[in-house]
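Working notes for the structure below.
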Amino acid sequence: GEDVEQSLFLSVREGDSSVINCTYTDSSSTYLYWYKQEPGAGLQLLTYIFSNMDMKQDQRLTVLLNKKDKHLSLRIADTQTGDSAIYFCAESKPDSWGKLQFGAGTQVVVTP
Amino acid sequence: NAGVMQNPRHLVRRRGQEARLRCSPMKGHSHVYWYRQLPEEGLKFMVYLQKENIIDESGMPKERFSAEFPKEGPSILRIQQVVRGDSAAYFCASSSEGRVDTEAFFGQGTRLTVV
């Protein structure tokens with residue numbers, strides 16, 4: 001099976017909070033990332049968290065990491081229409097620089 | 001400072017032809033990574049290169065695919081004798097160091113369609 005799994009779709013109303021979930025299997029993962037991909041565009045790094053952290057907050061973004069359950073989540077506060085995109089969770093391992101393992105992506109649709 | 005530049009943005013090839021995808025890393029970046037994204041899937045790592053060296057090609061198909069990053073010029077991903085299953089978006093990323101805690105910037109991708 002896939003090393004990184006995500007739900008495929010999330011619909012949220014403008015102004016509400018979005019929570020995107022991700023699970024991974026490899027406990028040796030060092031960094032976990034969230035990327036955003038808008039239609040026809042490349043990937044934009046939103047945030048990342050080191051595996052010895054539980055939480056990281058950056059403006060409207062909050063990342064929570066549960067190492068025991070190998071669960072990562074991204075919360076977007078006050079979701080805007082510009083947040084509509086595909087969000088990818090990714091992990092890296094300490095001996096594989098540059099080799100990110102991506103999930104299949106969660107399509108987030110923000111409705112007015 | 002231009003970002004990672006990939007060209008062409010769209011490429012159409014007939015089965016059996018060759019596809020050459022180019023990636024110019026950000027200025028000052030000497031590490032390049034190629035990923036492939038099949039429809040409705042996440043990105044899959046293909047190869048990691050430094051100038052004139054292949055560091056990790058564990059994600060490259062054994063046949064028909066090759067990559068290079070010469071001392072001068074862009075990185076090239078070459079697919080010989082393309083087949084329909086090669087249709088995908090190919091993304092290049094670059095970083096200043098070979099560490100994943102330094103940000104790898106992605107290009108906009110080349111969308112290859114094999115007809």
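Lettering and numbering for the structure tokens are positional, with chains as A, B, ... in the shown order, residues counted from 1 in each chain, and ligands counted from 1 in the shown order.
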Tell me the residues of chain B close to chain A, meaning within 9 Å using only C-alpha atoms, as JSON, numbers by chain.
-> {"B": [31, 32, 33, 40, 41, 42, 43, 44, 45, 46, 47, 48, 56, 91, 92, 95, 98, 99, 100, 101, 103, 104, 105, 106, 107, 108, 109]}
Which polymer residues have any atom within 10 Å of an atom of range 55-66 of chain A, counting only C-alpha atoms, with same-chain residues fewer than 2 positions away left out, as a ChimeraX atom specification?
-> /A:17-23,32-34,46-53,68-79
Residue nearest Ser84 in chain A among A:Gln6, A:Val12, A:Tyr35, A:Ser27 (counting only C-alpha atoms) =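 When distances to Ser84 in chain A are compared using only C-alpha atoms, the smallest one comes from A:Val12.
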Contact residues around Pro39 in chain B with only C-alpha atoms at 9 Å, ignoring same-chain residues under 4 positions, as an MDAnalysis selection string | chainID B and resid 87:89
Out of chain B, which residues get strand (DSSP E or B) from DSSP, as a VMD selection string?
-> chain B and resid 5 to 7 10 to 13 19 to 24 31 to 37 43 to 50 53 to 56 65 to 68 75 to 79 88 to 95 105 to 106 110 to 114
Would you put the residues from that selection into a file with C-alpha atoms, as an mmCIF file, in the first residue's frame?
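Saved as selection22.cif:
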data_model
loop_
_atom_site.group_PDB
_atom_site.id
_atom_site.type_symbol
_atom_site.label_atom_id
_atom_site.label_comp_id
_atom_site.auth_asym_id
_atom_site.auth_seq_id
_atom_site.Cartn_x
_atom_site.Cartn_y
_atom_site.Cartn_z
ATOM 1 C CA MET B 5 11.785 27.058 -15.172
ATOM 2 C CA GLN B 6 10.513 24.055 -17.045
ATOM 3 C CA ASN B 7 9.915 23.825 -20.750
ATOM 4 C CA HIS B 10 2.934 21.078 -22.759
ATOM 5 C CA LEU B 11 4.381 18.416 -24.998
ATOM 6 C CA VAL B 12 2.558 16.079 -27.344
ATOM 7 C CA ARG B 13 4.363 13.077 -28.732
ATOM 8 C CA ALA B 19 10.426 13.339 -25.316
ATOM 9 C CA ARG B 20 12.979 15.766 -23.890
ATOM 10 C CA LEU B 21 11.963 17.778 -20.863
ATOM 11 C CA ARG B 22 14.094 20.648 -19.637
ATOM 12 C CA CYS B 23 14.508 22.121 -16.197
ATOM 13 C CA SER B 24 16.500 25.213 -15.314
ATOM 14 C CA HIS B 31 20.470 20.100 -6.695
ATOM 15 C CA VAL B 32 17.671 19.003 -9.007
ATOM 16 C CA TYR B 33 14.867 16.504 -8.425
ATOM 17 C CA TRP B 34 12.450 15.077 -10.979
ATOM 18 C CA TYR B 35 8.995 13.820 -10.050
ATOM 19 C CA ARG B 36 6.171 12.356 -12.093
ATOM 20 C CA GLN B 37 2.484 12.876 -11.393
ATOM 21 C CA LEU B 43 3.970 12.954 -7.164
ATOM 22 C CA LYS B 44 6.375 10.054 -7.407
ATOM 23 C CA PHE B 45 10.085 10.609 -7.024
ATOM 24 C CA MET B 46 12.129 9.704 -10.083
ATOM 25 C CA VAL B 47 15.684 10.970 -9.772
ATOM 26 C CA TYR B 48 17.930 13.309 -7.804
ATOM 27 C CA LEU B 49 20.905 14.941 -9.493
ATOM 28 C CA GLN B 50 23.686 17.315 -8.663
ATOM 29 C CA ASN B 53 26.193 13.462 -10.992
ATOM 30 C CA ILE B 54 23.211 11.223 -10.457
ATOM 31 C CA ILE B 55 22.753 10.864 -6.710
ATOM 32 C CA ASP B 56 19.628 8.717 -6.498
ATOM 33 C CA PHE B 65 14.200 6.943 -19.169
ATOM 34 C CA SER B 66 17.383 8.877 -18.516
ATOM 35 C CA ALA B 67 18.322 12.129 -16.809
ATOM 36 C CA GLU B 68 21.302 14.402 -16.811
ATOM 37 C CA SER B 75 18.745 19.387 -16.468
ATOM 38 C CA ILE B 76 17.200 17.124 -19.089
ATOM 39 C CA LEU B 77 14.777 14.247 -18.559
ATOM 40 C CA ARG B 78 14.717 12.095 -21.659
ATOM 41 C CA ILE B 79 12.093 9.503 -22.467
ATOM 42 C CA ALA B 88 1.759 12.530 -17.034
ATOM 43 C CA ALA B 89 2.904 15.801 -15.530
ATOM 44 C CA TYR B 90 6.631 15.883 -14.903
ATOM 45 C CA PHE B 91 7.818 18.252 -12.206
ATOM 46 C CA CYS B 92 11.282 19.452 -11.480
ATOM 47 C CA ALA B 93 12.394 20.921 -8.158
ATOM 48 C CA SER B 94 15.681 22.503 -7.152
ATOM 49 C CA SER B 95 17.383 23.330 -3.899
ATOM 50 C CA PHE B 105 11.201 24.928 -5.121
ATOM 51 C CA PHE B 106 9.041 23.300 -7.764
ATOM 52 C CA THR B 110 5.666 19.751 -18.220
ATOM 53 C CA ARG B 111 2.494 17.992 -19.180
ATOM 54 C CA LEU B 112 3.331 15.182 -21.578
ATOM 55 C CA THR B 113 0.595 13.669 -23.694
ATOM 56 C CA VAL B 114 1.360 10.605 -25.764
#
